[in-house]
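Chemist: For reference, the file data_20.pdb (PDB, C-alpha atoms and all ligand atoms) is included below:
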```
MODEL        1
ATOM      1  CA  MET Z   8     105.440 168.192  79.937
ATOM      2  CA  PRO Z   9     102.023 168.543  78.267
ATOM      3  CA  GLY Z  10     101.776 166.491  75.084
ATOM      4  CA  SER Z  11     104.923 164.461  75.738
ATOM      5  CA  LYS Z  12     104.706 160.733  76.239
ATOM      6  CA  LEU Z  13     105.091 159.268  79.709
ATOM      7  CA  SER Z  14     108.276 157.413  80.370
ATOM      8  CA  VAL Z  15     107.471 153.865  81.493
ATOM      9  CA  VAL Z  16     109.902 151.240  82.803
ATOM     10  CA  VAL Z  17     108.746 147.598  82.774
ATOM     11  CA  THR Z  18     110.735 145.323  85.091
ATOM     12  CA  ARG Z  19     110.031 141.943  83.427
ATOM     13  CA  ARG Z  20     109.159 140.581  80.004
ATOM     14  CA  LEU Z  21     105.429 140.763  79.321
ATOM     15  CA  PRO Z  22     103.434 139.158  76.489
ATOM     16  CA  GLU Z  23     104.564 140.518  73.127
ATOM     17  CA  ALA Z  24     101.192 142.102  72.339
ATOM     18  CA  VAL Z  25     101.289 143.957  75.651
ATOM     19  CA  GLU Z  26     104.838 145.210  75.120
ATOM     20  CA  THR Z  27     103.944 146.315  71.572
ATOM     21  CA  ARG Z  28     100.934 148.294  72.703
ATOM     22  CA  LEU Z  29     102.856 149.862  75.593
ATOM     23  CA  THR Z  30     105.558 150.898  73.134
ATOM     24  CA  GLU Z  31     102.979 152.496  70.817
ATOM     25  CA  LEU Z  32     101.507 154.543  73.633
ATOM     26  CA  PHE Z  33     104.466 155.519  75.819
ATOM     27  CA  ASN Z  34     108.234 155.931  75.926
ATOM     28  CA  VAL Z  35     108.881 152.440  77.186
ATOM     29  CA  GLU Z  36     111.968 150.676  78.483
ATOM     30  CA  LEU Z  37     111.506 146.920  78.318
ATOM     31  CA  ASN Z  38     113.535 144.268  80.104
ATOM     32  CA  GLU Z  39     114.494 142.221  77.051
ATOM     33  CA  LEU Z  40     116.607 139.761  79.056
ATOM     34  CA  ASP Z  41     113.863 139.262  81.648
ATOM     35  CA  LYS Z  42     116.439 139.221  84.438
ATOM     36  CA  PRO Z  43     114.824 140.419  87.695
ATOM     37  CA  PHE Z  44     116.003 143.882  88.733
ATOM     38  CA  SER Z  45     118.380 144.174  91.680
ATOM     39  CA  PRO Z  46     117.312 146.700  94.356
ATOM     40  CA  ASP Z  47     119.806 149.195  92.852
ATOM     41  CA  GLN Z  48     118.382 148.711  89.358
ATOM     42  CA  LEU Z  49     114.903 149.166  90.751
ATOM     43  CA  VAL Z  50     115.857 152.434  92.442
ATOM     44  CA  ALA Z  51     117.534 153.653  89.241
ATOM     45  CA  ALA Z  52     114.384 152.817  87.265
ATOM     46  CA  MET Z  53     112.266 154.657  89.815
ATOM     47  CA  GLN Z  54     114.474 157.708  89.390
ATOM     48  CA  ARG Z  55     114.136 157.928  85.616
ATOM     49  CA  ALA Z  56     110.525 156.806  85.065
ATOM     50  CA  ASP Z  57     107.166 158.549  85.320
ATOM     51  CA  VAL Z  58     105.548 155.135  85.616
ATOM     52  CA  LEU Z  59     106.998 151.861  86.870
ATOM     53  CA  VAL Z  60     105.455 148.535  85.861
ATOM     54  CA  PRO Z  61     106.765 146.052  88.447
ATOM     55  CA  THR Z  62     105.757 142.503  89.304
ATOM     56  CA  LEU Z  63     105.529 140.665  92.583
ATOM     57  CA  ASN Z  64     109.277 140.001  92.386
ATOM     58  CA  ASP Z  65     110.064 143.672  92.972
ATOM     59  CA  THR Z  66     109.994 144.615  96.637
ATOM     60  CA  ILE Z  67     109.046 148.276  96.752
ATOM     61  CA  ASP Z  68     109.312 149.119 100.438
ATOM     62  CA  ALA Z  69     109.717 152.438 102.249
ATOM     63  CA  ARG Z  70     113.514 152.359 101.827
ATOM     64  CA  ILE Z  71     113.244 151.950  98.055
ATOM     65  CA  LEU Z  72     110.426 154.481  97.777
ATOM     66  CA  ALA Z  73     112.502 157.048  99.675
ATOM     67  CA  GLN Z  74     114.980 156.967  96.774
ATOM     68  CA  ALA Z  75     112.381 157.331  93.986
ATOM     69  CA  GLY Z  76     112.702 160.339  91.724
ATOM     70  CA  ASP Z  77     110.236 163.215  91.900
ATOM     71  CA  ARG Z  78     108.914 162.349  88.464
ATOM     72  CA  LEU Z  79     107.653 158.905  89.509
ATOM     73  CA  ARG Z  80     103.871 159.287  89.762
ATOM     74  CA  LEU Z  81     102.432 155.815  89.197
ATOM     75  CA  ILE Z  82     103.356 152.235  90.052
ATOM     76  CA  ALA Z  83     101.167 150.181  87.713
ATOM     77  CA  ASN Z  84     101.704 146.691  89.103
ATOM     78  CA  TYR Z  85     101.482 143.769  86.683
ATOM     79  CA  GLY Z  86      99.577 141.501  89.073
ATOM     80  CA  SER Z  87      96.735 141.493  91.477
ATOM     81  CA  GLY Z  88      98.520 141.080  94.824
ATOM     82  CA  PHE Z  89     100.267 144.236  96.002
ATOM     83  CA  ASP Z  90     101.829 143.077  99.261
ATOM     84  CA  HIS Z  91     105.297 143.731  97.796
ATOM     85  CA  ILE Z  92     104.513 147.454  97.578
ATOM     86  CA  ASP Z  93     104.333 149.789 100.578
ATOM     87  CA  VAL Z  94     101.130 151.458  99.428
ATOM     88  CA  GLN Z  95     100.943 153.723 102.484
ATOM     89  CA  THR Z  96     104.412 155.206 101.920
ATOM     90  CA  ALA Z  97     103.776 155.508  98.175
ATOM     91  CA  ARG Z  98     100.634 157.478  98.926
ATOM     92  CA  GLN Z  99     102.492 159.770 101.340
ATOM     93  CA  ARG Z 100     104.969 160.475  98.541
ATOM     94  CA  GLY Z 101     102.168 161.223  96.081
ATOM     95  CA  ILE Z 102     102.764 158.070  94.025
ATOM     96  CA  LEU Z 103      99.640 156.218  92.912
ATOM     97  CA  VAL Z 104      99.573 152.426  92.880
ATOM     98  CA  SER Z 105      97.349 150.253  90.682
ATOM     99  CA  ASN Z 106      96.986 146.496  90.188
ATOM    100  CA  THR Z 107      95.188 144.021  87.893
ATOM    101  CA  PRO Z 108      92.275 142.519  89.829
ATOM    102  CA  GLY Z 109      89.595 140.233  88.454
ATOM    103  CA  VAL Z 110      91.363 138.808  85.418
ATOM    104  CA  LEU Z 111      93.182 136.101  87.416
ATOM    105  CA  THR Z 112      90.179 134.888  89.348
ATOM    106  CA  ASP Z 113      89.063 131.980  87.174
ATOM    107  CA  ASP Z 114      92.562 130.712  86.421
ATOM    108  CA  THR Z 115      93.522 130.751  90.096
ATOM    109  CA  ALA Z 116      90.274 129.093  91.154
ATOM    110  CA  ASP Z 117      90.724 126.400  88.478
ATOM    111  CA  MET Z 118      94.174 125.638  89.805
ATOM    112  CA  THR Z 119      92.934 125.541  93.381
ATOM    113  CA  MET Z 120      90.518 122.780  92.384
ATOM    114  CA  ALA Z 121      93.281 120.969  90.501
ATOM    115  CA  LEU Z 122      95.533 121.068  93.573
ATOM    116  CA  MET Z 123      92.730 119.866  95.808
ATOM    117  CA  LEU Z 124      92.043 116.882  93.569
ATOM    118  CA  THR Z 125      95.735 116.184  93.027
ATOM    119  CA  VAL Z 126      96.570 115.838  96.703
ATOM    120  CA  MET Z 127      93.342 114.169  97.763
ATOM    121  CA  ARG Z 128      93.437 111.617  94.934
ATOM    122  CA  ARG Z 129      97.222 111.119  95.075
ATOM    123  CA  PHE Z 130      97.795 111.959  91.402
ATOM    124  CA  LYS Z 131     101.400 112.918  92.044
ATOM    125  CA  GLU Z 132     102.220 109.457  93.393
ATOM    126  CA  GLY Z 133     100.314 107.874  90.504
ATOM    127  CA  SER Z 134     102.230 109.921  87.976
ATOM    128  CA  ASN Z 135     105.559 109.156  89.678
ATOM    129  CA  LEU Z 136     104.756 105.449  89.503
ATOM    130  CA  MET Z 137     104.064 105.684  85.781
ATOM    131  CA  GLN Z 138     107.212 107.698  85.136
ATOM    132  CA  SER Z 139     109.366 105.220  87.060
ATOM    133  CA  GLY Z 140     108.189 102.280  84.960
ATOM    134  CA  ASP Z 141     107.382 100.342  88.143
ATOM    135  CA  TRP Z 142     103.644 100.052  87.613
ATOM    136  CA  THR Z 143     102.604  96.427  87.437
ATOM    137  CA  GLY Z 144      98.915  96.913  86.704
ATOM    138  CA  TRP Z 145      95.639  97.715  88.393
ATOM    139  CA  SER Z 146      95.248  96.776  92.028
ATOM    140  CA  PRO Z 147      92.146  97.075  94.208
ATOM    141  CA  SER Z 148      94.170  98.458  97.091
ATOM    142  CA  ALA Z 149      96.688 100.737  95.391
ATOM    143  CA  LEU Z 150      96.853 104.501  95.777
ATOM    144  CA  LEU Z 151      93.555 104.958  97.534
ATOM    145  CA  GLY Z 152      92.811 108.594  98.089
ATOM    146  CA  SER Z 153      89.997 110.633  99.605
ATOM    147  CA  ARG Z 154      86.765 111.422  97.784
ATOM    148  CA  LEU Z 155      86.136 115.134  97.328
ATOM    149  CA  GLY Z 156      82.340 114.850  97.365
ATOM    150  CA  GLY Z 157      80.773 115.095 100.822
ATOM    151  CA  LYS Z 158      83.754 116.859 102.370
ATOM    152  CA  ARG Z 159      83.686 120.177 104.187
ATOM    153  CA  LEU Z 160      85.730 122.837 102.456
ATOM    154  CA  GLY Z 161      86.801 125.808 104.563
ATOM    155  CA  ILE Z 162      87.629 128.880 102.509
ATOM    156  CA  LEU Z 163      89.813 131.416 104.247
ATOM    157  CA  GLY Z 164      89.099 134.670 102.413
ATOM    158  CA  MET Z 165      85.818 134.838 100.522
ATOM    159  CA  GLY Z 166      86.721 137.534  98.011
ATOM    160  CA  ARG Z 167      86.613 137.095  94.249
ATOM    161  CA  ILE Z 168      88.861 134.035  94.166
ATOM    162  CA  GLY Z 169      87.437 132.404  97.293
ATOM    163  CA  THR Z 170      83.937 132.747  95.855
ATOM    164  CA  ALA Z 171      85.068 131.345  92.496
ATOM    165  CA  VAL Z 172      86.575 128.346  94.333
ATOM    166  CA  ALA Z 173      83.291 127.811  96.185
ATOM    167  CA  ARG Z 174      81.330 127.967  92.902
ATOM    168  CA  ARG Z 175      83.560 125.278  91.439
ATOM    169  CA  ALA Z 176      83.638 123.071  94.534
ATOM    170  CA  LYS Z 177      79.906 123.018  95.179
ATOM    171  CA  PRO Z 178      78.989 120.933  92.094
ATOM    172  CA  PHE Z 179      81.523 118.327  93.296
ATOM    173  CA  GLY Z 180      79.250 117.815  96.297
ATOM    174  CA  VAL Z 181      81.461 119.753  98.676
ATOM    175  CA  GLN Z 182      79.953 121.655 101.636
ATOM    176  CA  ILE Z 183      81.135 125.244 101.675
ATOM    177  CA  HIS Z 184      82.311 126.910 104.881
ATOM    178  CA  TYR Z 185      84.124 130.216 104.999
ATOM    179  CA  HIS Z 186      85.813 132.749 107.205
ATOM    180  CA  ASN Z 187      86.143 136.311 106.013
ATOM    181  CA  ARG Z 188      86.547 139.740 107.546
ATOM    182  CA  LYS Z 189      82.989 140.462 106.452
ATOM    183  CA  ARG Z 190      80.118 138.111 105.835
ATOM    184  CA  VAL Z 191      79.344 137.912 102.083
ATOM    185  CA  HIS Z 192      76.003 138.991 100.657
ATOM    186  CA  SER Z 193      73.127 136.759 101.714
ATOM    187  CA  ASP Z 194      72.354 135.967  98.041
ATOM    188  CA  THR Z 195      75.869 134.579  97.592
ATOM    189  CA  GLU Z 196      75.614 132.610 100.828
ATOM    190  CA  ALA Z 197      72.288 131.181  99.673
ATOM    191  CA  GLU Z 198      73.603 130.343  96.187
ATOM    192  CA  LEU Z 199      76.577 128.489  97.680
ATOM    193  CA  GLU Z 200      74.688 127.160 100.705
ATOM    194  CA  ALA Z 201      77.714 128.437 102.540
ATOM    195  CA  THR Z 202      78.228 128.487 106.294
ATOM    196  CA  TYR Z 203      79.931 131.584 107.685
ATOM    197  CA  TRP Z 204      82.298 131.168 110.610
ATOM    198  CA  GLU Z 205      83.053 134.343 112.473
ATOM    199  CA  SER Z 206      85.686 132.415 114.398
ATOM    200  CA  LEU Z 207      88.488 131.085 112.214
ATOM    201  CA  ASP Z 208      89.555 128.755 115.022
ATOM    202  CA  GLN Z 209      86.160 127.117 115.118
ATOM    203  CA  MET Z 210      86.063 126.650 111.359
ATOM    204  CA  LEU Z 211      89.542 125.136 111.238
ATOM    205  CA  ALA Z 212      88.569 122.385 113.665
ATOM    206  CA  ARG Z 213      85.656 121.307 111.489
ATOM    207  CA  VAL Z 214      86.872 121.294 107.886
ATOM    208  CA  ASP Z 215      88.337 118.479 105.782
ATOM    209  CA  ILE Z 216      89.995 120.807 103.283
ATOM    210  CA  LEU Z 217      91.255 124.330 103.848
ATOM    211  CA  SER Z 218      91.717 126.649 100.877
ATOM    212  CA  ILE Z 219      93.641 129.844 101.508
ATOM    213  CA  ASN Z 220      92.342 132.674  99.390
ATOM    214  CA  CYS Z 221      92.923 135.784 101.485
ATOM    215  CA  PRO Z 222      95.548 138.355 100.545
ATOM    216  CA  HIS Z 223      98.736 138.791 102.545
ATOM    217  CA  THR Z 224      98.358 141.901 104.683
ATOM    218  CA  PRO Z 225      99.793 142.820 108.098
ATOM    219  CA  SER Z 226      96.734 141.201 109.683
ATOM    220  CA  THR Z 227      96.927 137.930 107.728
ATOM    221  CA  PHE Z 228     100.684 137.370 108.153
ATOM    222  CA  HIS Z 229     100.991 133.925 109.823
ATOM    223  CA  LEU Z 230      97.249 133.848 110.371
ATOM    224  CA  LEU Z 231      97.821 130.106 110.219
ATOM    225  CA  ASN Z 232     100.411 129.959 112.951
ATOM    226  CA  ALA Z 233     101.460 126.784 114.774
ATOM    227  CA  ARG Z 234      98.584 127.062 117.237
ATOM    228  CA  ARG Z 235      95.908 127.413 114.569
ATOM    229  CA  LEU Z 236      97.418 124.730 112.323
ATOM    230  CA  LYS Z 237      97.086 122.322 115.220
ATOM    231  CA  LEU Z 238      93.330 122.945 115.262
ATOM    232  CA  LEU Z 239      93.035 121.249 111.860
ATOM    233  CA  LYS Z 240      92.114 117.563 111.844
ATOM    234  CA  PRO Z 241      95.042 115.226 111.081
ATOM    235  CA  THR Z 242      92.994 114.074 108.065
ATOM    236  CA  ALA Z 243      92.725 117.618 106.670
ATOM    237  CA  PHE Z 244      94.261 118.833 103.413
ATOM    238  CA  VAL Z 245      95.478 122.408 102.906
ATOM    239  CA  VAL Z 246      95.660 124.211  99.568
ATOM    240  CA  ASN Z 247      97.321 127.603  99.255
ATOM    241  CA  THR Z 248      97.106 129.580  96.015
ATOM    242  CA  SER Z 249      97.177 133.012  97.644
ATOM    243  CA  ARG Z 250     100.345 134.033  99.460
ATOM    244  CA  GLY Z 251     102.785 131.902 101.421
ATOM    245  CA  GLU Z 252     103.106 134.432 104.231
ATOM    246  CA  VAL Z 253      99.626 133.535 105.480
ATOM    247  CA  ILE Z 254     101.025 130.202 106.794
ATOM    248  CA  ASP Z 255     103.908 129.717 109.197
ATOM    249  CA  GLU Z 256     105.785 127.563 106.688
ATOM    250  CA  ASN Z 257     108.191 126.016 109.182
ATOM    251  CA  ALA Z 258     105.442 124.933 111.581
ATOM    252  CA  PHE Z 259     103.389 123.677 108.634
ATOM    253  CA  THR Z 260     106.314 121.697 107.221
ATOM    254  CA  ARG Z 261     106.961 120.072 110.604
ATOM    255  CA  MET Z 262     103.328 118.991 110.817
ATOM    256  CA  LEU Z 263     103.274 117.601 107.283
ATOM    257  CA  ARG Z 264     106.435 115.619 107.935
ATOM    258  CA  ALA Z 265     105.069 114.325 111.243
ATOM    259  CA  GLY Z 266     101.864 113.127 109.568
ATOM    260  CA  GLU Z 267      99.781 115.597 111.568
ATOM    261  CA  LEU Z 268      98.033 116.723 108.359
ATOM    262  CA  ALA Z 269      96.894 114.597 105.405
ATOM    263  CA  GLY Z 270      98.528 116.626 102.658
ATOM    264  CA  ALA Z 271      98.985 119.974 100.984
ATOM    265  CA  GLY Z 272      98.878 121.600  97.580
ATOM    266  CA  LEU Z 273     101.032 124.711  97.544
ATOM    267  CA  ASP Z 274     101.532 127.245  94.769
ATOM    268  CA  VAL Z 275     103.003 129.947  97.004
ATOM    269  CA  PHE Z 276     105.635 130.024  99.731
ATOM    270  CA  GLU Z 277     106.561 132.230 102.630
ATOM    271  CA  LYS Z 278     109.882 133.402 101.195
ATOM    272  CA  GLY Z 279     109.094 133.500  97.487
ATOM    273  CA  HIS Z 280     111.087 130.894  95.591
ATOM    274  CA  GLN Z 281     113.251 130.051  98.631
ATOM    275  CA  ILE Z 282     111.021 127.311  99.900
ATOM    276  CA  ASN Z 283     111.637 125.268 103.004
ATOM    277  CA  PRO Z 284     113.688 122.354 101.548
ATOM    278  CA  ARG Z 285     111.966 119.956 103.950
ATOM    279  CA  LEU Z 286     108.735 120.491 101.992
ATOM    280  CA  ARG Z 287     110.316 118.648  99.096
ATOM    281  CA  GLY Z 288     110.177 114.888  98.659
ATOM    282  CA  LEU Z 289     106.868 114.397 100.461
ATOM    283  CA  ASP Z 290     104.444 112.172  98.552
ATOM    284  CA  ASN Z 291     101.412 113.958  99.964
ATOM    285  CA  VAL Z 292     102.615 117.456  99.104
ATOM    286  CA  MET Z 293     102.243 118.943  95.641
ATOM    287  CA  LEU Z 294     104.447 121.969  95.045
ATOM    288  CA  LEU Z 295     103.924 124.321  92.124
ATOM    289  CA  PRO Z 296     105.995 127.356  91.096
ATOM    290  CA  HIS Z 297     103.420 130.114  91.653
ATOM    291  CA  MET Z 298     101.491 129.394  88.469
ATOM    292  CA  GLY Z 299      97.915 130.121  89.578
ATOM    293  CA  SER Z 300      97.458 132.842  86.976
ATOM    294  CA  ALA Z 301      99.791 131.341  84.391
ATOM    295  CA  THR Z 302      97.575 131.183  81.326
ATOM    296  CA  THR Z 303      98.231 132.988  78.073
ATOM    297  CA  GLU Z 304      94.784 134.569  78.283
ATOM    298  CA  GLY Z 305      95.280 135.712  81.872
ATOM    299  CA  ARG Z 306      98.671 137.261  81.233
ATOM    300  CA  LEU Z 307      97.285 139.206  78.248
ATOM    301  CA  GLU Z 308      94.366 140.462  80.296
ATOM    302  CA  MET Z 309      96.724 141.523  83.071
ATOM    303  CA  GLY Z 310      98.671 143.509  80.473
ATOM    304  CA  GLU Z 311      95.495 145.118  79.181
ATOM    305  CA  LYS Z 312      94.661 146.217  82.709
ATOM    306  CA  VAL Z 313      98.126 147.727  83.153
ATOM    307  CA  ILE Z 314      97.734 149.634  79.876
ATOM    308  CA  ILE Z 315      94.294 150.943  80.840
ATOM    309  CA  ASN Z 316      95.584 152.030  84.240
ATOM    310  CA  ILE Z 317      98.518 153.941  82.736
ATOM    311  CA  LYS Z 318      96.503 155.418  79.856
ATOM    312  CA  THR Z 319      93.736 156.618  82.162
ATOM    313  CA  PHE Z 320      96.357 158.190  84.410
ATOM    314  CA  ALA Z 321      98.085 159.780  81.395
ATOM    315  CA  ASP Z 322      94.722 161.266  80.391
ATOM    316  CA  GLY Z 323      94.475 162.972  83.772
ATOM    317  CA  HIS Z 324      92.174 160.545  85.609
ATOM    318  CA  ARG Z 325      92.556 158.108  88.466
ATOM    319  CA  PRO Z 326      93.575 154.634  87.277
ATOM    320  CA  PRO Z 327      90.498 152.380  87.506
ATOM    321  CA  ASP Z 328      92.391 149.799  89.564
ATOM    322  CA  GLN Z 329      94.009 152.175  92.002
ATOM    323  CA  VAL Z 330      94.834 150.517  95.322
ATOM    324  CA  VAL Z 331      94.710 152.455  98.550
ATOM    325  CA  PRO Z 332      95.920 151.672 102.073
ATOM    326  CA  ALA Z 333      92.339 151.145 103.260
ATOM    327  CA  MET Z 334      92.274 147.974 101.135
ATOM    328  CA  LEU Z 335      94.930 146.389 103.371
TER     329      LEU Z 335
HETATM  330  C1  LIG K 401      99.153 138.100  91.484
HETATM  331  O1  LIG K 401      98.803 138.690  90.466
HETATM  332  O2  LIG K 401      99.246 138.636  92.564
HETATM  333  C2  LIG K 401      99.438 136.668  91.350
HETATM  334  O3  LIG K 401      99.866 136.099  92.527
HETATM  335  C3  LIG K 401     100.438 136.436  90.247
HETATM  336  O4  LIG K 401      99.985 135.340  89.639
ENDMDL
END
```
Rewrite the coordinates I just gave you, this time as structure tokens.
Modeler:
Amino acid sequence: MPGSKLSVVVTRRLPEAVETRLTELFNVELNELDKPFSPDQLVAAMQRADVLVPTLNDTIDARILAQAGDRLRLIANYGSGFDHIDVQTARQRGILVSNTPGVLTDDTADMTMALMLTVMRRFKEGSNLMQSGDWTGWSPSALLGSRLGGKRLGILGMGRIGTAVARRAKPFGVQIHYHNRKRVHSDTEAELEATYWESLDQMLARVDILSINCPHTPSTFHLLNARRLKLLKPTAFVVNTSRGEVIDENAFTRMLRAGELAGAGLDVFEKGHQINPRLRGLDNVMLLPHMGSATTEGRLEMGEKVIINIKTFADGHRPPDQVVPAML
């Protein structure tokens, strides 16, 4: 109805300032208890809202979309990755989808570097030793790790985050290698002194560290399958701050346990929070609970993006961060 406020349902708690501003602008339903929606609750929300603000915890597939109400016109995702949303089906049903790109880049790249250093320098074992009270003092032979400088870093996915990782790694003395669907601009390659590998297989065999920074799409699902993982050197470290689905987690876990890889820093897992239990308890594996973008600043900026996307849509324009199937 012209002049009336859009009805917006938000599936999780967002920063207070974001919720306040959303409430000023729209008819908003917040999730005060922050309990993730069940599929039925999600469908019900999609039947009563003009705009849904989901997060990566809400799987919005074709089955769920088929039950959405006619009034649902926009899914303004609070997050950059949109692999939990069937964008193609949404488009066919005339529902726009937007995300929050760009504002998570630096935080995620910072954490990628932290994970790299943590596993290579064995900080987890060092910290465990301190916490246990068993440390008996400095030793010339204790907890020797691998130096980051001089190593070859292979970046799988040289988009915003991959490039930000390369920019951070280079001053550490790391040599940058990358595989991407498209070669990046020659200026960026020159700035990073980066080597492009058209063949992922060839790059994998040559790198000391692999950082996964590509999105999860149908073509990157299990891109690192058992065969490709075996191409990595047994001294290689793997860091994943993108999406767990890019790695065959079971094959990867078997290799880590068998000592066929040097270590891993993982912020994301193939089945969300249901991680392979055999990944736990390994000294050379650092597991984090998907916190790559978990900064106060980042979460606020994500909220601002969501607000801009909805407001622009409400004003009759395309949301600036609209995602389309061609981006998959
Ligand atoms: C995203 O936005 O997709 C991130 O994975 C959440 O931190």
Chemist: Measuring atom to atom with all atoms listed in the file, identify which of Z:Leu295, Z:Leu268, Z:Val275, Z:Ala258 is nearest to ligand LIG 401 (chain K).
Modeler: Z:Val275
Chemist: For the structure provided, state which residues fall under the PyMOL selection byres (((chain Z and resi 159-166) around 7) and not hetatm), and present them as a list in words.
Modeler: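 For this structure, the PyMOL selection byres (((chain Z and resi 159-166) around 7) and not hetatm) resolves to Gly157, Lys158, Arg167, Ile168, Gly169, Thr170, Val181, Gln182, Ile183, His184, Tyr185, His186, Asn187, Met210, Val214, Asp215, Ile216, Leu217, Ser218, Ile219, Asn220 and Cys221 of chain Z.
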Chemist: Compile the contact shell of Arg78 in chain Z as a JSON list (two decimals) with C-alpha atoms, keeping the file's coordinate frame: residues with an atom at most 10 Å away, counting only C-alpha atoms, same-chain residues fewer than 4 positions apart removed.
Modeler:
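The new file out.json reads:
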```json
[["chain", "number", "residue", "atom", "x", "y", "z"],
["Z", 14, "SER", "CA", 108.28, 157.41, 80.37],
["Z", 53, "MET", "CA", 112.27, 154.66, 89.82],
["Z", 54, "GLN", "CA", 114.47, 157.71, 89.39],
["Z", 55, "ARG", "CA", 114.14, 157.93, 85.62],
["Z", 56, "ALA", "CA", 110.52, 156.81, 85.06],
["Z", 57, "ASP", "CA", 107.17, 158.55, 85.32],
["Z", 58, "VAL", "CA", 105.55, 155.14, 85.62],
["Z", 102, "ILE", "CA", 102.76, 158.07, 94.02]]
```
Chemist: For ligand LIG 401 (chain K), return the neighbouring residues as a CSV table (one decimal) with C-alpha atoms, in the frame of the given file (distance at most 12 Å; only C-alpha atoms and all ligand atoms).
Modeler:
```csv
chain,number,residue,atom,x,y,z
Z,61,PRO,CA,106.8,146.1,88.4
Z,62,THR,CA,105.8,142.5,89.3
Z,63,LEU,CA,105.5,140.7,92.6
Z,64,ASN,CA,109.3,140.0,92.4
Z,65,ASP,CA,110.1,143.7,93.0
Z,84,ASN,CA,101.7,146.7,89.1
Z,85,TYR,CA,101.5,143.8,86.7
Z,86,GLY,CA,99.6,141.5,89.1
Z,87,SER,CA,96.7,141.5,91.5
Z,88,GLY,CA,98.5,141.1,94.8
Z,89,PHE,CA,100.3,144.2,96.0
Z,90,ASP,CA,101.8,143.1,99.3
Z,91,HIS,CA,105.3,143.7,97.8
Z,92,ILE,CA,104.5,147.5,97.6
Z,105,SER,CA,97.3,150.3,90.7
Z,106,ASN,CA,97.0,146.5,90.2
Z,107,THR,CA,95.2,144.0,87.9
Z,108,PRO,CA,92.3,142.5,89.8
Z,109,GLY,CA,89.6,140.2,88.5
Z,110,VAL,CA,91.4,138.8,85.4
Z,111,LEU,CA,93.2,136.1,87.4
Z,112,THR,CA,90.2,134.9,89.3
Z,113,ASP,CA,89.1,132.0,87.2
Z,114,ASP,CA,92.6,130.7,86.4
Z,115,THR,CA,93.5,130.8,90.1
Z,116,ALA,CA,90.3,129.1,91.2
Z,118,MET,CA,94.2,125.6,89.8
Z,168,ILE,CA,88.9,134.0,94.2
Z,220,ASN,CA,92.3,132.7,99.4
Z,221,CYS,CA,92.9,135.8,101.5
Z,222,PRO,CA,95.5,138.4,100.5
Z,223,HIS,CA,98.7,138.8,102.5
Z,247,ASN,CA,97.3,127.6,99.3
Z,248,THR,CA,97.1,129.6,96.0
Z,249,SER,CA,97.2,133.0,97.6
Z,250,ARG,CA,100.3,134.0,99.5
Z,251,GLY,CA,102.8,131.9,101.4
Z,274,ASP,CA,101.5,127.2,94.8
Z,275,VAL,CA,103.0,129.9,97.0
Z,276,PHE,CA,105.6,130.0,99.7
Z,279,GLY,CA,109.1,133.5,97.5
Z,295,LEU,CA,103.9,124.3,92.1
Z,296,PRO,CA,106.0,127.4,91.1
Z,297,HIS,CA,103.4,130.1,91.7
Z,298,MET,CA,101.5,129.4,88.5
Z,299,GLY,CA,97.9,130.1,89.6
Z,300,SER,CA,97.5,132.8,87.0
Z,301,ALA,CA,99.8,131.3,84.4
Z,302,THR,CA,97.6,131.2,81.3
Z,303,THR,CA,98.2,133.0,78.1
Z,305,GLY,CA,95.3,135.7,81.9
Z,306,ARG,CA,98.7,137.3,81.2
Z,308,GLU,CA,94.4,140.5,80.3
Z,309,MET,CA,96.7,141.5,83.1
Z,310,GLY,CA,98.7,143.5,80.5
Z,312,LYS,CA,94.7,146.2,82.7
Z,313,VAL,CA,98.1,147.7,83.2
```
Chemist: Distance CA of Pro332 in chain Z-CA of Arg190 in chain Z, one decimal place?
Modeler: 21.2 Å
Chemist: Return the padded bounding box of range 16-20 of chain Z as lines of an AutoDock Vina configuration file: axis-aligned, built from all atoms listed in the file, 8 Å added on each side, with centre and edge lengths in Å to one decimal.
Modeler:
```
center_x = 109.7
center_y = 145.9
center_z = 82.5
size_x = 18.0
size_y = 26.7
size_z = 21.1
```
Chemist: Report as a PyMOL selection string the full result of the PyMOL selection byres (((chain Z and resi 74) around 8) and not hetatm) when it is applied to this structure.
Modeler: chain Z and resi 50+53-54+70-73+75-76
Chemist: Return range 144-150 of chain Z, completed with N, CA and C atoms, as an mmCIF file, keeping the file's coordinate frame.
Modeler:
```
data_model
loop_
_atom_site.group_PDB
_atom_site.id
_atom_site.type_symbol
_atom_site.label_atom_id
_atom_site.label_comp_id
_atom_site.auth_asym_id
_atom_site.auth_seq_id
_atom_site.Cartn_x
_atom_site.Cartn_y
_atom_site.Cartn_z
ATOM 1 N N GLY Z 144 100.309 97.137 87.075
ATOM 2 C CA GLY Z 144 98.915 96.913 86.704
ATOM 3 C C GLY Z 144 97.963 97.292 87.816
ATOM 4 N N TRP Z 145 96.683 97.260 87.460
ATOM 5 C CA TRP Z 145 95.639 97.715 88.393
ATOM 6 C C TRP Z 145 95.605 96.864 89.654
ATOM 7 N N SER Z 146 95.364 97.518 90.766
ATOM 8 C CA SER Z 146 95.248 96.776 92.028
ATOM 9 C C SER Z 146 94.102 97.375 92.828
ATOM 10 N N PRO Z 147 93.283 96.527 93.449
ATOM 11 C CA PRO Z 147 92.146 97.075 94.208
ATOM 12 C C PRO Z 147 92.558 97.899 95.415
ATOM 13 N N SER Z 148 93.783 97.766 95.850
ATOM 14 C CA SER Z 148 94.170 98.458 97.091
ATOM 15 C C SER Z 148 95.226 99.537 96.874
ATOM 16 N N ALA Z 149 95.579 99.796 95.612
ATOM 17 C CA ALA Z 149 96.688 100.737 95.391
ATOM 18 C C ALA Z 149 96.215 102.189 95.341
ATOM 19 N N LEU Z 150 97.006 103.044 95.897
ATOM 20 C CA LEU Z 150 96.853 104.501 95.777
ATOM 21 C C LEU Z 150 95.440 104.996 96.082
#
```
